[in-house]
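Let me begin by presenting the structure, written as structure tokens, before commenting on it.
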Amino acid sequence: MDTNLIPEPFPPGPDRDRRLNPRRPLGAAASFRERGRSREDVRVTDLSPSGCRVALKGALICGEHGWITLPTLAPWSCAVAWRSEEEAGVRFEQPLHEAVAEMIATRHGPG
């Protein structure tokens with residue numbers, strides 16, 4: 001695991017406000033694949049250039065590297081920054097361009 005991807009984990013709860021960028025509400029279907037595992041369908045519930053929050057049914061491992069496939073994008077390298085029972089925070093290895101994040105949020109707003 002490349003620990004440079006997550007210099008400081010974002011735990012669930014009130015400390016989520018320590019983000020690098022503000023997040024926009026979203027309601028988009030996506031998929032997440034951890035290294036060596038099958039793809040997991042997730043729902044992206046918020047998005048920023050530096051990461052997103054996903055609702056899920058399966059188990060993602062905190063700190064694990066993977067790839068998230070957001071609407072209109074190829075798989076994007078990321079890591080699981082935090083995990084709770086039904087959601088997880090994903091931190092992108094390379095931030096999205098702000099215009100790309102804005103386009104996804106505009107097209108796939110809260111749903």
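Just so we're on the same page: first chain in the structure tokens is A, next is B, and so on; residues restart at 1 for each chain, and ligands are numbered from 1 in the order they show up.
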Residues at most 12 Å from Cys78 in chain A, counting only C-alpha atoms, excluding those fewer than 3 positions away in the same chain, as an NGL selection string? :A and (1-6 or 32-35 or 49-52 or 62-70 or 75 or 81 or 89-96)
Find the spatial neighbours of Arg107 in chain A, counting only C-alpha atoms, within a cut-off of 12 Å - ignore same-chain residues fewer than 2 positions away - and output them as number ranges by chain. A: 24-28, 70-72, 100-105, 109-111
With N, CA and C atoms retained, export the selected residues as a PDB file, in the first residue's frame.
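The new file again.pdb reads:
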```pdb
ATOM      1  N   ARG A  24     -19.533  18.643  -3.106  1.00  0.00           N
ATOM      2  CA  ARG A  24     -20.852  18.924  -3.649  1.00  0.00           C
ATOM      3  C   ARG A  24     -21.708  17.675  -3.550  1.00  0.00           C
ATOM      4  N   PRO A  25     -22.987  17.817  -3.163  1.00  0.00           N
ATOM      5  CA  PRO A  25     -23.867  16.642  -3.109  1.00  0.00           C
ATOM      6  C   PRO A  25     -23.992  16.015  -4.497  1.00  0.00           C
ATOM      7  N   LEU A  26     -24.102  14.700  -4.502  1.00  0.00           N
ATOM      8  CA  LEU A  26     -24.168  13.969  -5.754  1.00  0.00           C
ATOM      9  C   LEU A  26     -25.086  12.773  -5.564  1.00  0.00           C
ATOM     10  N   GLY A  27     -25.574  12.232  -6.631  1.00  0.00           N
ATOM     11  CA  GLY A  27     -26.382  11.024  -6.601  1.00  0.00           C
ATOM     12  C   GLY A  27     -26.079  10.193  -7.821  1.00  0.00           C
ATOM     13  N   ALA A  28     -24.854   9.701  -7.938  1.00  0.00           N
ATOM     14  CA  ALA A  28     -24.413   9.031  -9.160  1.00  0.00           C
ATOM     15  C   ALA A  28     -23.973   7.597  -8.889  1.00  0.00           C
ATOM     16  N   LEU A  70     -16.039   6.934 -12.013  1.00  0.00           N
ATOM     17  CA  LEU A  70     -17.091   7.939 -11.890  1.00  0.00           C
ATOM     18  C   LEU A  70     -17.774   8.106 -13.244  1.00  0.00           C
ATOM     19  N   PRO A  71     -18.994   8.648 -13.263  1.00  0.00           N
ATOM     20  CA  PRO A  71     -19.669   8.850 -14.544  1.00  0.00           C
ATOM     21  C   PRO A  71     -18.794   9.659 -15.510  1.00  0.00           C
ATOM     22  N   THR A  72     -18.703   9.205 -16.730  1.00  0.00           N
ATOM     23  CA  THR A  72     -17.974   9.808 -17.853  1.00  0.00           C
ATOM     24  C   THR A  72     -16.450   9.745 -17.731  1.00  0.00           C
ATOM     25  N   VAL A 100     -13.737  19.391 -14.180  1.00  0.00           N
ATOM     26  CA  VAL A 100     -14.262  18.031 -14.332  1.00  0.00           C
ATOM     27  C   VAL A 100     -15.163  17.689 -13.149  1.00  0.00           C
ATOM     28  N   ALA A 101     -14.717  17.992 -11.937  1.00  0.00           N
ATOM     29  CA  ALA A 101     -15.550  17.747 -10.749  1.00  0.00           C
ATOM     30  C   ALA A 101     -16.851  18.532 -10.836  1.00  0.00           C
ATOM     31  N   GLU A 102     -16.765  19.765 -11.277  1.00  0.00           N
ATOM     32  CA  GLU A 102     -17.953  20.610 -11.427  1.00  0.00           C
ATOM     33  C   GLU A 102     -18.914  20.033 -12.467  1.00  0.00           C
ATOM     34  N   MET A 103     -18.380  19.560 -13.581  1.00  0.00           N
ATOM     35  CA  MET A 103     -19.210  18.979 -14.631  1.00  0.00           C
ATOM     36  C   MET A 103     -19.948  17.741 -14.124  1.00  0.00           C
ATOM     37  N   ILE A 104     -19.252  16.869 -13.411  1.00  0.00           N
ATOM     38  CA  ILE A 104     -19.891  15.663 -12.870  1.00  0.00           C
ATOM     39  C   ILE A 104     -20.965  16.055 -11.867  1.00  0.00           C
ATOM     40  N   ALA A 105     -20.658  17.005 -10.979  1.00  0.00           N
ATOM     41  CA  ALA A 105     -21.633  17.428  -9.970  1.00  0.00           C
ATOM     42  C   ALA A 105     -22.860  18.075 -10.606  1.00  0.00           C
ATOM     43  N   GLY A 109     -26.195  15.687 -10.033  1.00  0.00           N
ATOM     44  CA  GLY A 109     -26.484  16.269  -8.722  1.00  0.00           C
ATOM     45  C   GLY A 109     -27.267  15.331  -7.826  1.00  0.00           C
ATOM     46  N   PRO A 110     -27.665  15.790  -6.656  1.00  0.00           N
ATOM     47  CA  PRO A 110     -28.359  14.940  -5.686  1.00  0.00           C
ATOM     48  C   PRO A 110     -29.506  14.161  -6.339  1.00  0.00           C
ATOM     49  N   GLY A 111     -29.582  12.908  -5.995  1.00  0.00           N
ATOM     50  CA  GLY A 111     -30.619  12.087  -6.601  1.00  0.00           C
ATOM     51  C   GLY A 111     -31.188  11.084  -5.650  1.00  0.00           C
TER      52      GLY A 111
END
```
For Glu40 in chain A: contacts at 9 Å, only C-alpha atoms, fewer than 4 positions along chain excluded, given as a PyMOL selection string: chain A and resi 30-34+56-60
So which bits of chain A end up helix (DSSP H, G or I) when you DSSP the backbone, as a ChimeraX atom specification? /A:3-5,14-18,98-107
Serialized selection, C-alpha atoms, as a tab-separated table (two decimals), in the first residue's frame:
```tsv
chain	number	residue	atom	x	y	z
A	3	THR	CA	0.85	5.47	2.35
A	4	ASN	CA	1.52	8.72	0.46
A	5	LEU	CA	-2.05	8.50	-0.83
A	14	PRO	CA	-17.79	15.58	12.66
A	15	ASP	CA	-14.09	15.51	11.72
A	16	ARG	CA	-15.07	15.11	8.06
A	17	ASP	CA	-14.90	18.91	7.78
A	18	ARG	CA	-11.08	18.65	7.62
A	98	GLU	CA	-12.01	21.47	-10.78
A	99	ALA	CA	-13.91	21.83	-14.07
A	100	VAL	CA	-14.26	18.03	-14.33
A	101	ALA	CA	-15.55	17.75	-10.75
A	102	GLU	CA	-17.95	20.61	-11.43
A	103	MET	CA	-19.21	18.98	-14.63
A	104	ILE	CA	-19.89	15.66	-12.87
A	105	ALA	CA	-21.63	17.43	-9.97
A	106	THR	CA	-23.79	19.48	-12.35
A	107	ARG	CA	-24.81	16.49	-14.48
```
Pick from A:Val80, A:His97, A:His108, A:Ala74: nearest to Thr45 in chain A, with only C-alpha atoms counted?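 Nearest candidate to Thr45 in chain A out of A:Val80, A:His97, A:His108, A:Ala74: A:His108.
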What separation in Å, quoted to one decimal, exists between CA of Glu85 in chain A and CA of Arg53 in chain A?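 These two atoms are separated by 12.8 Å.
CA of Ala29 in chain A is positioned 7.4 Å from CA of Asp41 in chain A.
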